$ cat model20.tsv   # TSV, C-alpha atoms
chain	number	residue	atom	x	y	z
A	1	MET	CA	97.47	29.52	28.37
A	2	ASN	CA	94.67	32.00	28.96
A	3	LYS	CA	92.57	31.64	32.07
A	4	PRO	CA	89.18	30.01	31.27
A	5	SER	CA	86.21	32.35	31.22
A	6	SER	CA	84.29	32.21	34.50
A	7	SER	CA	80.94	32.37	32.74
A	8	VAL	CA	81.10	30.00	29.73
A	9	TYR	CA	80.89	26.22	30.20
A	10	LEU	CA	80.87	23.06	28.10
A	11	PHE	CA	79.20	19.97	29.56
A	12	TYR	CA	79.31	16.66	27.71
A	13	GLY	CA	79.54	12.93	28.34
A	14	GLU	CA	77.56	9.69	28.44
A	15	ASP	CA	76.28	10.44	31.95
A	16	ASP	CA	73.41	12.68	30.91
A	17	PHE	CA	71.71	11.99	34.26
A	18	SER	CA	74.39	13.92	36.14
A	19	ILE	CA	74.46	16.65	33.50
A	20	GLN	CA	70.72	17.19	33.81
A	21	ARG	CA	70.91	17.12	37.60
A	22	LYS	CA	73.65	19.76	37.61
A	23	ILE	CA	71.82	22.00	35.15
A	24	SER	CA	68.58	21.64	37.11
A	25	LEU	CA	70.42	22.67	40.27
A	26	TRP	CA	71.91	25.71	38.55
A	27	LYS	CA	68.52	26.74	37.19
A	28	SER	CA	66.93	26.31	40.61
A	29	GLU	CA	69.62	28.30	42.41
A	30	PHE	CA	69.56	31.02	39.75
A	31	ALA	CA	65.77	31.32	39.97
A	32	LYS	CA	66.00	31.94	43.73
A	33	LYS	CA	67.80	35.22	43.07
A	34	TYR	CA	66.62	36.34	39.64
A	35	PRO	CA	63.39	36.25	37.58
A	36	GLY	CA	62.58	32.93	35.96
A	37	SER	CA	62.46	34.68	32.59
A	38	ASP	CA	66.23	35.19	32.85
A	39	VAL	CA	66.82	31.43	32.55
A	40	MET	CA	66.78	30.38	28.90
A	41	VAL	CA	67.00	26.82	27.53
A	42	LEU	CA	67.71	26.74	23.80
A	43	GLU	CA	67.45	23.49	21.83
A	44	ALA	CA	69.44	23.46	18.58
A	45	GLU	CA	67.15	20.87	16.96
A	46	ASN	CA	64.35	23.46	16.93
A	47	PHE	CA	66.33	25.81	14.67
A	48	ALA	CA	68.22	25.79	11.39
A	49	GLU	CA	71.99	26.22	11.70
A	50	SER	CA	71.75	29.69	10.19
A	51	GLU	CA	69.46	30.72	13.06
A	52	LEU	CA	71.65	29.45	15.90
A	53	ILE	CA	74.08	32.35	15.98
A	54	LYS	CA	71.32	34.96	15.82
A	55	LEU	CA	69.51	33.15	18.63
A	56	LEU	CA	72.59	33.21	20.86
A	57	GLU	CA	73.35	36.84	20.05
A	58	ASN	CA	69.79	37.94	20.84
A	59	ASN	CA	69.78	36.18	24.20
A	60	LEU	CA	73.23	37.45	25.13
A	61	THR	CA	72.46	41.08	24.35
A	62	PRO	CA	72.49	43.04	27.66
A	63	SER	CA	69.04	44.10	28.78
A	64	LEU	CA	67.88	47.13	30.75
A	65	PHE	CA	65.59	44.83	32.75
A	66	SER	CA	67.98	42.03	33.75
A	67	SER	CA	71.53	42.16	35.03
A	68	LYS	CA	72.04	38.38	35.05
A	69	LYS	CA	71.13	35.59	32.65
A	70	LEU	CA	71.62	31.84	32.57
A	71	ILE	CA	71.53	30.48	29.03
A	72	ILE	CA	71.61	26.74	28.34
A	73	ALA	CA	72.44	26.02	24.69
A	74	ARG	CA	71.89	22.34	23.95
A	75	ASN	CA	73.70	20.73	20.99
A	76	PHE	CA	74.69	24.07	19.47
A	77	LEU	CA	78.28	23.07	18.72
A	78	PRO	CA	79.11	21.70	15.25
A	79	THR	CA	79.49	17.94	14.92
A	80	LYS	CA	80.53	17.71	11.25
A	81	ALA	CA	83.63	18.66	9.30
A	82	THR	CA	81.59	21.37	7.56
A	83	GLY	CA	80.95	23.16	10.85
A	84	SER	CA	84.15	25.24	10.95
A	85	GLY	CA	82.29	28.44	10.04
A	86	LEU	CA	79.74	27.90	12.80
A	87	ALA	CA	82.56	27.23	15.27
A	88	ASP	CA	84.26	30.51	14.36
A	89	LYS	CA	81.06	32.47	14.98
A	90	ILE	CA	80.48	30.69	18.30
A	91	LEU	CA	84.04	31.56	19.35
A	92	GLU	CA	83.32	35.23	18.57
A	93	ILE	CA	80.23	35.04	20.78
A	94	ILE	CA	82.17	33.39	23.62
A	95	ASP	CA	84.62	36.30	23.65
A	96	LYS	CA	81.73	38.78	23.96
A	97	VAL	CA	79.66	37.10	26.69
A	98	PRO	CA	78.81	39.78	29.31
A	99	SER	CA	80.61	39.16	32.60
A	100	ASP	CA	77.31	38.81	34.49
A	101	TYR	CA	75.86	36.26	32.07
A	102	PHE	CA	76.34	32.49	32.23
A	103	LEU	CA	76.41	30.48	28.99
A	104	VAL	CA	76.37	26.66	29.17
A	105	PHE	CA	76.90	24.55	26.07
A	106	TRP	CA	75.34	21.15	26.73
A	107	GLN	CA	76.33	18.48	24.18
A	108	SER	CA	74.55	15.13	24.05
A	109	GLN	CA	77.48	13.57	22.19
A	110	LYS	CA	81.16	13.60	22.98
A	111	PRO	CA	82.90	16.24	20.85
A	112	ASP	CA	84.88	14.70	17.98
A	113	LYS	CA	88.43	15.86	18.65
A	114	ARG	CA	89.44	15.01	15.08
A	115	LEU	CA	87.38	17.93	13.76
A	116	THR	CA	89.01	21.33	13.30
A	117	SER	CA	85.89	23.01	14.71
A	118	THR	CA	86.10	20.90	17.88
A	119	LYS	CA	89.78	21.65	18.35
A	120	LYS	CA	89.07	25.38	18.13
A	121	ILE	CA	86.30	25.26	20.73
A	122	LEU	CA	88.18	23.03	23.16
A	123	ALA	CA	91.10	25.46	22.98
A	124	ALA	CA	88.88	28.43	23.82
A	125	ASN	CA	88.68	30.15	27.20
A	126	ILE	CA	85.82	28.06	28.55
A	127	ASN	CA	85.28	25.70	31.48
A	128	ILE	CA	85.03	22.14	30.19
A	129	GLN	CA	83.58	19.24	32.17
A	130	GLU	CA	83.15	15.69	30.93
A	131	PHE	CA	80.53	13.61	32.74
A	132	LYS	CA	81.57	9.95	32.80
A	133	LEU	CA	79.54	7.09	34.20
A	134	PRO	CA	80.98	5.66	37.42
A	135	HIS	CA	83.17	2.68	36.56
A	136	ASP	CA	83.51	-0.56	38.52
A	137	LYS	CA	83.51	0.13	42.30
A	138	GLU	CA	82.80	3.81	41.60
A	139	LEU	CA	79.19	2.73	41.08
A	140	ASN	CA	79.09	1.39	44.65
A	141	THR	CA	80.31	4.77	45.90
A	142	TRP	CA	77.63	6.54	43.84
A	143	ILE	CA	74.90	4.26	45.23
A	144	ILE	CA	75.97	5.03	48.82
A	145	ALA	CA	75.99	8.80	48.14
A	146	GLU	CA	72.61	8.66	46.40
A	147	ALA	CA	71.09	6.69	49.29
A	148	LYS	CA	72.35	9.38	51.66
A	149	ARG	CA	70.74	12.04	49.46
A	150	LEU	CA	67.46	10.11	49.72
A	151	ALA	CA	67.88	10.05	53.53
A	152	VAL	CA	68.05	6.25	53.75
A	153	THR	CA	70.79	3.82	54.72
A	154	ILE	CA	71.90	0.90	52.58
A	155	GLU	CA	73.91	-2.03	53.91
A	156	SER	CA	77.16	-2.97	52.17
A	157	PRO	CA	75.86	-6.34	50.83
A	158	ALA	CA	72.85	-4.50	49.38
A	159	VAL	CA	75.13	-1.96	47.69
A	160	GLU	CA	77.11	-4.77	46.08
A	161	LYS	CA	74.01	-6.69	45.00
A	162	LEU	CA	72.39	-3.58	43.49
A	163	ALA	CA	75.57	-2.66	41.60
A	164	GLN	CA	75.74	-6.19	40.17
A	165	ALA	CA	72.05	-6.18	39.25
A	166	LEU	CA	72.51	-2.90	37.37
A	167	GLY	CA	75.25	-4.51	35.26
A	168	ARG	CA	78.36	-3.02	36.85
A	169	ASP	CA	80.50	-6.01	35.86
A	170	LEU	CA	79.31	-6.28	32.26
A	171	PHE	CA	81.33	-3.39	30.82
A	172	GLU	CA	83.44	-3.56	27.66
A	173	ALA	CA	86.81	-1.86	27.44
A	174	LYS	CA	88.35	-0.65	24.17
A	175	LYS	CA	92.13	-0.57	24.12
A	176	ALA	CA	94.75	1.08	21.96
A	177	GLY	CA	98.46	0.65	22.44
A	178	GLY	CA	97.81	-1.56	25.45
A	179	LYS	CA	95.87	1.17	27.25
A	180	ILE	CA	92.14	1.46	27.89
A	181	VAL	CA	90.86	4.38	25.80
A	182	GLU	CA	87.12	3.85	26.13
A	183	VAL	CA	84.79	2.01	28.50
A	184	LYS	CA	81.25	1.09	27.52
A	185	GLU	CA	78.94	0.52	30.46
A	186	VAL	CA	75.64	-1.35	30.16
A	187	PHE	CA	73.88	0.70	32.87
A	188	ASN	CA	72.88	4.34	33.17
A	189	LEU	CA	72.24	6.42	36.26
A	190	TRP	CA	68.61	7.05	35.32
A	191	GLN	CA	67.96	3.38	35.93
A	192	ALA	CA	70.19	3.30	39.01
A	193	SER	CA	68.36	6.29	40.51
A	194	SER	CA	64.96	4.78	39.75
A	195	GLU	CA	65.81	1.45	41.36
A	196	LEU	CA	67.26	3.13	44.45
A	197	ALA	CA	64.22	5.39	44.80
A	198	LYS	CA	62.00	2.29	44.61
A	199	LEU	CA	64.03	0.61	47.34
A	200	ALA	CA	63.98	3.78	49.47
A	201	SER	CA	60.18	3.94	49.29
A	202	PHE	CA	60.05	0.35	50.53
A	203	SER	CA	62.44	0.70	53.45
A	204	GLY	CA	64.54	3.34	55.18
A	205	GLN	CA	67.23	0.73	55.74
A	206	ILE	CA	67.87	-1.18	52.55
A	207	LYS	CA	69.09	-4.76	52.88
A	208	ALA	CA	70.36	-7.29	50.35
A	209	GLY	CA	67.05	-9.16	50.55
A	210	ASP	CA	65.18	-6.00	49.53
A	211	VAL	CA	67.32	-5.74	46.39
A	212	GLU	CA	66.68	-9.40	45.53
A	213	LYS	CA	62.95	-8.90	46.00
A	214	LEU	CA	62.46	-5.57	44.20
A	215	VAL	CA	65.19	-5.17	41.57
A	216	ASN	CA	65.26	-7.03	38.28
A	217	THR	CA	68.75	-7.97	37.18
A	218	LYS	CA	70.20	-6.26	34.14
A	219	VAL	CA	68.67	-7.50	30.89
A	220	SER	CA	72.03	-9.02	29.96
A	221	GLU	CA	71.81	-11.48	32.87
A	222	ASN	CA	68.30	-12.50	31.89
A	223	VAL	CA	69.51	-12.98	28.32
A	224	PHE	CA	72.24	-15.27	29.68
A	225	ALA	CA	69.51	-17.38	31.24
A	226	LEU	CA	67.41	-17.41	28.06
A	227	ALA	CA	70.36	-18.45	25.88
A	228	ASP	CA	71.47	-21.11	28.37
A	229	ASN	CA	67.98	-22.65	28.52
A	230	ILE	CA	67.69	-22.67	24.73
A	231	MET	CA	71.14	-24.23	24.26
A	232	SER	CA	70.31	-26.86	26.93
A	233	GLY	CA	66.96	-27.69	25.35
A	234	ARG	CA	64.90	-26.59	28.38
A	235	GLU	CA	61.87	-25.23	26.53
A	236	ASN	CA	59.64	-24.44	29.52
A	237	GLU	CA	62.45	-22.58	31.30
A	238	ALA	CA	63.31	-20.74	28.09
A	239	ILE	CA	59.71	-19.59	27.65
A	240	ALA	CA	59.65	-18.44	31.30
A	241	ALA	CA	62.90	-16.50	30.78
A	242	LEU	CA	61.41	-14.93	27.66
A	243	GLU	CA	58.34	-13.75	29.57
A	244	ASN	CA	60.63	-12.11	32.14
A	245	LEU	CA	62.36	-10.18	29.37
A	246	LEU	CA	59.25	-8.95	27.56
A	247	ASP	CA	57.63	-6.06	29.44
A	248	GLY	CA	54.32	-6.19	27.59
A	249	GLY	CA	54.79	-2.79	25.97
A	250	ALA	CA	52.62	-1.55	23.14
A	251	ASP	CA	55.41	-1.77	20.54
A	252	GLU	CA	55.89	-5.54	20.63
A	253	LYS	CA	57.76	-5.67	17.32
A	254	SER	CA	60.47	-3.23	18.42
A	255	GLU	CA	60.77	-5.04	21.73
A	256	VAL	CA	61.23	-8.43	20.07
A	257	ILE	CA	63.69	-7.07	17.49
A	258	LYS	CA	65.79	-5.64	20.33
A	259	LEU	CA	65.63	-8.96	22.17
A	260	LEU	CA	66.71	-10.85	19.04
A	261	GLY	CA	69.78	-8.62	18.87
A	262	LEU	CA	70.61	-9.24	22.54
A	263	LEU	CA	70.15	-12.98	22.14
A	264	ALA	CA	72.32	-13.05	19.02
A	265	GLU	CA	75.00	-11.07	20.84
A	266	GLN	CA	74.92	-13.55	23.72
A	267	LEU	CA	75.29	-16.52	21.35
A	268	ARG	CA	78.20	-14.81	19.59
A	269	SER	CA	79.81	-14.06	22.98
A	270	SER	CA	79.43	-17.69	24.04
A	271	LEU	CA	80.92	-18.85	20.75
A	272	LEU	CA	83.92	-16.54	21.21
A	273	ILE	CA	84.59	-17.77	24.75
A	274	PHE	CA	84.11	-21.38	23.63
A	275	LEU	CA	86.73	-20.99	20.90
A	276	LEU	CA	89.18	-19.22	23.21
A	277	LYS	CA	88.63	-21.84	25.91
A	278	ALA	CA	89.49	-24.56	23.39
A	279	ARG	CA	92.91	-22.89	23.06
A	280	ASN	CA	93.44	-23.22	26.84
A	281	ILE	CA	93.41	-19.46	27.37
A	282	SER	CA	92.73	-18.33	30.94
A	283	GLN	CA	89.68	-16.18	31.71
A	284	ASP	CA	91.92	-13.24	32.60
A	285	GLU	CA	93.60	-13.54	29.20
A	286	MET	CA	90.18	-13.78	27.52
A	287	ALA	CA	89.13	-10.53	29.21
A	288	GLU	CA	92.33	-8.90	28.01
A	289	VAL	CA	91.91	-10.12	24.40
A	290	LEU	CA	88.20	-9.25	24.12
A	291	GLY	CA	88.28	-6.03	26.15
A	292	TRP	CA	85.61	-7.40	28.49
A	293	SER	CA	85.39	-7.22	32.25
A	294	PRO	CA	86.50	-10.44	34.05
A	295	GLY	CA	82.96	-10.61	35.46
A	296	ARG	CA	81.43	-10.77	31.99
A	297	VAL	CA	83.86	-13.47	30.87
A	298	PHE	CA	83.06	-15.50	33.98
A	299	MET	CA	79.28	-15.21	33.43
A	300	VAL	CA	79.55	-16.35	29.82
A	301	ALA	CA	82.04	-19.11	30.54
A	302	LYS	CA	80.01	-20.67	33.35
A	303	GLY	CA	77.23	-21.49	30.88
A	304	LEU	CA	79.43	-23.45	28.47
A	305	ALA	CA	79.31	-26.86	30.16
A	306	LYS	CA	77.12	-28.30	27.38
A	307	PHE	CA	77.78	-25.70	24.70
A	308	ASP	CA	77.32	-26.87	21.10
A	309	ALA	CA	79.15	-24.59	18.65
A	310	ALA	CA	77.35	-26.03	15.63
A	311	LYS	CA	73.96	-25.40	17.27
A	312	ALA	CA	74.96	-21.87	18.19
A	313	LYS	CA	75.91	-21.09	14.58
A	314	ASN	CA	72.62	-22.60	13.36
A	315	LEU	CA	70.62	-20.51	15.84
A	316	LEU	CA	72.43	-17.33	14.80
A	317	SER	CA	71.37	-17.97	11.20
A	318	ARG	CA	67.76	-18.51	12.29
A	319	LEU	CA	67.76	-15.32	14.35
A	320	LEU	CA	68.90	-13.37	11.30
A	321	LEU	CA	66.02	-14.81	9.25
A	322	ILE	CA	63.50	-13.93	11.99
A	323	ASP	CA	64.88	-10.39	12.21
A	324	GLN	CA	64.50	-9.97	8.43
A	325	SER	CA	60.97	-11.41	8.53
A	326	LEU	CA	59.89	-9.05	11.30
A	327	LYS	CA	61.20	-6.02	9.42
A	328	SER	CA	59.59	-6.96	6.12
A	329	SER	CA	56.24	-8.51	7.08
A	330	GLU	CA	53.34	-8.31	9.51
A	331	ALA	CA	54.14	-11.66	11.14
A	332	SER	CA	53.41	-11.93	14.87
A	333	PRO	CA	56.69	-11.10	16.69
A	334	LYS	CA	55.89	-13.15	19.79
A	335	LEU	CA	54.72	-16.15	17.73
A	336	LEU	CA	57.94	-16.17	15.69
A	337	LEU	CA	60.03	-16.03	18.85
A	338	ASP	CA	58.02	-18.81	20.54
A	339	LEU	CA	58.41	-20.96	17.42
A	340	PHE	CA	62.14	-20.26	17.36
A	341	ILE	CA	62.49	-21.40	20.99
A	342	HIS	CA	60.45	-24.56	20.34
A	343	GLN	CA	62.53	-25.54	17.31
A	344	ALA	CA	65.82	-24.57	18.97
A	345	CYS	CA	65.08	-26.67	22.05
A	346	ALA	CA	64.16	-29.63	19.84
A	347	TYR	CA	67.43	-29.28	17.85
$ encode --input "model20.tsv" --output "structure tokens"
Amino acid sequence: MNKPSSSVYLFYGEDDFSIQRKISLWKSEFAKKYPGSDVMVLEAENFAESELIKLLENNLTPSLFSSKKLIIARNFLPTKATGSGLADKILEIIDKVPSDYFLVFWQSQKPDKRLTSTKKILAANINIQEFKLPHDKELNTWIIAEAKRLAVTIESPAVEKLAQALGRDLFEAKKAGGKIVEVKEVFNLWQASSELAKLASFSGQIKAGDVEKLVNTKVSENVFALADNIMSGRENEAIAALENLLDGGADEKSEVIKLLGLLAEQLRSSLLIFLLKARNISQDEMAEVLGWSPGRVFMVAKGLAKFDAAKAKNLLSRLLLIDQSLKSSEASPKLLLDLFIHQACAY
């Protein structure tokens, strides 16, 4: 195997927070030594595919006025089966990158390894780094390191409470052949960083009580509460939970449509756990079958004391009708949702 080029990189992964932080650091360090004009950020969406190669070639042509260049090419790599020709031309460019130039391919999406073009690029002499979100207790470790970067301390109970509030335990795991091949987290590090910065501005020594006071739990947990209140017929509590979920943004329709989807997903999740529970399957087995974290199974299961499967199915049908009405009419989104809660609690 050839040794990877020291000056060509591929960054990709769902953790775009860490990708952007790393690229920002590189740009900052580069600008300390070389003119700012020698740092180029190229966005593929601003150009037709036929222009991408010419754009790269022009920026990689050695200049009499600059000995070093840092070029960030975002989403330049082909993502469709028809992109083999583009891949070949990019590979030619990679082989010709001047030794004093740095070329970083930054992909927003994970490269599809089924594509011939992707296979060619991944086999090239480049440095490849996948940025994954911290999983499970890795999030706790990230929170501690980020607090240190912000020059504050955070107590262990506060770390745990913040990780839970962000949705650490609500992940879904996709399996193949008995092995986990993909993990879908519900949090992102943009949110985690924002919440930690808010806590840091409040106190230099973050305690569990500070997290309880200042951090809203992940939307999923609030949706649990909304669904539980609706299923239990507690209309006032359901309305209060709804108000906590709606942030009062300008695009109320989009916000309500998203909430309808979350609520429908929660009802479907409860129905799944209810049916599995009826078969006397343990919660650990449920997590294994569904590809959920044990924490998510526990949170759903604890709200099933008075679960009514027939009501849940009826509510799912109503949610579908409301979703269709919102997308095809000018009906008031909030009014439809309030009416749904009133009727559901009276069911």
$ residues_around --input "model20.tsv" --residues "segment 29-46 of chain A" --least-positions-apart "5" --cutoff "6 Å" --atoms "only C-alpha atoms" --output "PDB file with C-alpha atoms, in the coordinates of the input"
ATOM      1  CA  LYS A  69      71.130  35.590  32.650  1.00  0.00           C
ATOM      2  CA  LEU A  70      71.620  31.840  32.570  1.00  0.00           C
ATOM      3  CA  ILE A  71      71.530  30.480  29.030  1.00  0.00           C
ATOM      4  CA  ILE A  72      71.610  26.740  28.340  1.00  0.00           C
ATOM      5  CA  ALA A  73      72.440  26.020  24.690  1.00  0.00           C
ATOM      6  CA  ARG A  74      71.890  22.340  23.950  1.00  0.00           C
ATOM      7  CA  ASN A  75      73.700  20.730  20.990  1.00  0.00           C
ATOM      8  CA  PHE A  76      74.690  24.070  19.470  1.00  0.00           C
TER       9      PHE A  76
END
$ atom_distance --input "model20.tsv" --atom1 "atom CA of Glu185 of chain A" --atom2 "atom CA of Ser201 of chain A"
26.8 Å
$ closest_residue --input "model20.tsv" --among "A:Glu235, A:Glu243, A:Asp100, A:Glu172" --to "Ser7 of chain A" --atoms "all atoms listed in the file"
A:Asp100
$ residues_around --input "model20.tsv" --residues "segment 148-155 of chain A" --least-positions-apart "3" --cutoff "6 Å" --atoms "all atoms listed in the file" --output "list in words"
Ala145, Ala158, Gly204, Gln205, Ile206 and Lys207 of chain A
$ atom_distance --input "model20.tsv" --atom1 "atom CA of Asp308 of chain A" --atom2 "atom CA of Asn280 of chain A"
17.5 Å
$ residues_near_point --input "model20.tsv" --point "(74.9, -16.5, 34.9)" --cutoff "9 Å" --atoms "only C-alpha atoms" --output "list of chain:residue names"
A:Glu221, A:Asn222, A:Phe224, A:Ala225, A:Asp228, A:Phe298, A:Met299, A:Val300, A:Ala301, A:Lys302, A:Gly303
$ atom_distance --input "model20.tsv" --atom1 "atom CA of Gln283 of chain A" --atom2 "atom CA of Ser269 of chain A"
13.3 Å
$ closest_residue --input "model20.tsv" --among "A:Leu320, A:Ile281, A:Leu133, A:Val8" --to "Phe105 of chain A" --atoms "only C-alpha atoms"
A:Val8
$ closest_atom_pairs --input "model20.tsv" --of "segment 158-272 of chain A" --to "segment 288-296 of chain A" --cutoff "12 Å" --atoms "all atoms listed in the file" --output "JSON lines"
{"residue": "A:Gln164", "atom": "CA", "partner": "A:Gly295", "partner_atom": "CA", "distance": 9.7}
{"residue": "A:Gly167", "atom": "CA", "partner": "A:Arg296", "partner_atom": "CA", "distance": 9.4}
{"residue": "A:Arg168", "atom": "CA", "partner": "A:Gly295", "partner_atom": "CA", "distance": 9.0}
{"residue": "A:Asp169", "atom": "CA", "partner": "A:Gly295", "partner_atom": "CA", "distance": 5.2}
{"residue": "A:Leu170", "atom": "CA", "partner": "A:Arg296", "partner_atom": "CA", "distance": 5.0}
{"residue": "A:Phe171", "atom": "CA", "partner": "A:Ser293", "partner_atom": "CA", "distance": 5.8}
{"residue": "A:Glu172", "atom": "CA", "partner": "A:Trp292", "partner_atom": "CA", "distance": 4.5}
{"residue": "A:Ala173", "atom": "CA", "partner": "A:Gly291", "partner_atom": "CA", "distance": 4.6}
{"residue": "A:Lys174", "atom": "CA", "partner": "A:Gly291", "partner_atom": "CA", "distance": 5.7}
{"residue": "A:Lys175", "atom": "CA", "partner": "A:Gly291", "partner_atom": "CA", "distance": 7.0}
{"residue": "A:Ala176", "atom": "CA", "partner": "A:Gly291", "partner_atom": "CA", "distance": 10.5}
{"residue": "A:Gly178", "atom": "CA", "partner": "A:Glu288", "partner_atom": "CA", "distance": 9.5}
{"residue": "A:Lys179", "atom": "CA", "partner": "A:Gly291", "partner_atom": "CA", "distance": 10.5}
{"residue": "A:Ile180", "atom": "CA", "partner": "A:Gly291", "partner_atom": "CA", "distance": 8.6}
{"residue": "A:Val181", "atom": "CA", "partner": "A:Gly291", "partner_atom": "CA", "distance": 10.7}
{"residue": "A:Glu182", "atom": "CA", "partner": "A:Gly291", "partner_atom": "CA", "distance": 9.9}
{"residue": "A:Val183", "atom": "CA", "partner": "A:Gly291", "partner_atom": "CA", "distance": 9.1}
{"residue": "A:Lys184", "atom": "CA", "partner": "A:Trp292", "partner_atom": "CA", "distance": 9.6}
{"residue": "A:Glu185", "atom": "CA", "partner": "A:Ser293", "partner_atom": "CA", "distance": 10.2}
{"residue": "A:Val186", "atom": "CA", "partner": "A:Arg296", "partner_atom": "CA", "distance": 11.2}
{"residue": "A:Ser220", "atom": "CA", "partner": "A:Arg296", "partner_atom": "CA", "distance": 9.8}
{"residue": "A:Glu221", "atom": "CA", "partner": "A:Arg296", "partner_atom": "CA", "distance": 9.7}
{"residue": "A:Phe224", "atom": "CA", "partner": "A:Arg296", "partner_atom": "CA", "distance": 10.5}
{"residue": "A:Gln266", "atom": "CA", "partner": "A:Arg296", "partner_atom": "CA", "distance": 10.9}
{"residue": "A:Ser269", "atom": "CA", "partner": "A:Arg296", "partner_atom": "CA", "distance": 9.7}
{"residue": "A:Ser270", "atom": "CA", "partner": "A:Arg296", "partner_atom": "CA", "distance": 10.7}
{"residue": "A:Leu272", "atom": "CA", "partner": "A:Leu290", "partner_atom": "CA", "distance": 8.9}
$ residues_around --input "model20.tsv" --residues "Lys132 of chain A" --least-positions-apart "4" --cutoff "12 Å" --atoms "all atoms listed in the file" --output "number ranges by chain"
A: 11-19, 109-110, 138-139, 182-185, 188-189
$ residues_around --input "model20.tsv" --residues "segment 190-194 of chain A" --least-positions-apart "4" --cutoff "8 Å" --atoms "all atoms listed in the file" --output "list in words"
Phe17, Ile143, Glu146, Leu166 and Lys198 of chain A
$ closest_residue --input "model20.tsv" --among "A:Lys89, A:Arg21, A:Lys327, A:Lys27" --to "Ile53 of chain A" --atoms "only C-alpha atoms"
A:Lys89
$ closest_residue --input "model20.tsv" --among "A:Thr118, A:Asn244, A:Ser156, A:Ser84" --to "Ile144 of chain A" --atoms "only C-alpha atoms"
A:Ser156
$ closest_residue --input "model20.tsv" --among "A:Ala227, A:Lys277, A:Leu335, A:Ser325" --to "Lys311 of chain A" --atoms "only C-alpha atoms"
A:Ala227
$ closest_residue --input "model20.tsv" --among "A:Leu321, A:Ala123, A:Thr79, A:Leu315" --to "Glu265 of chain A" --atoms "all atoms listed in the file"
A:Leu315
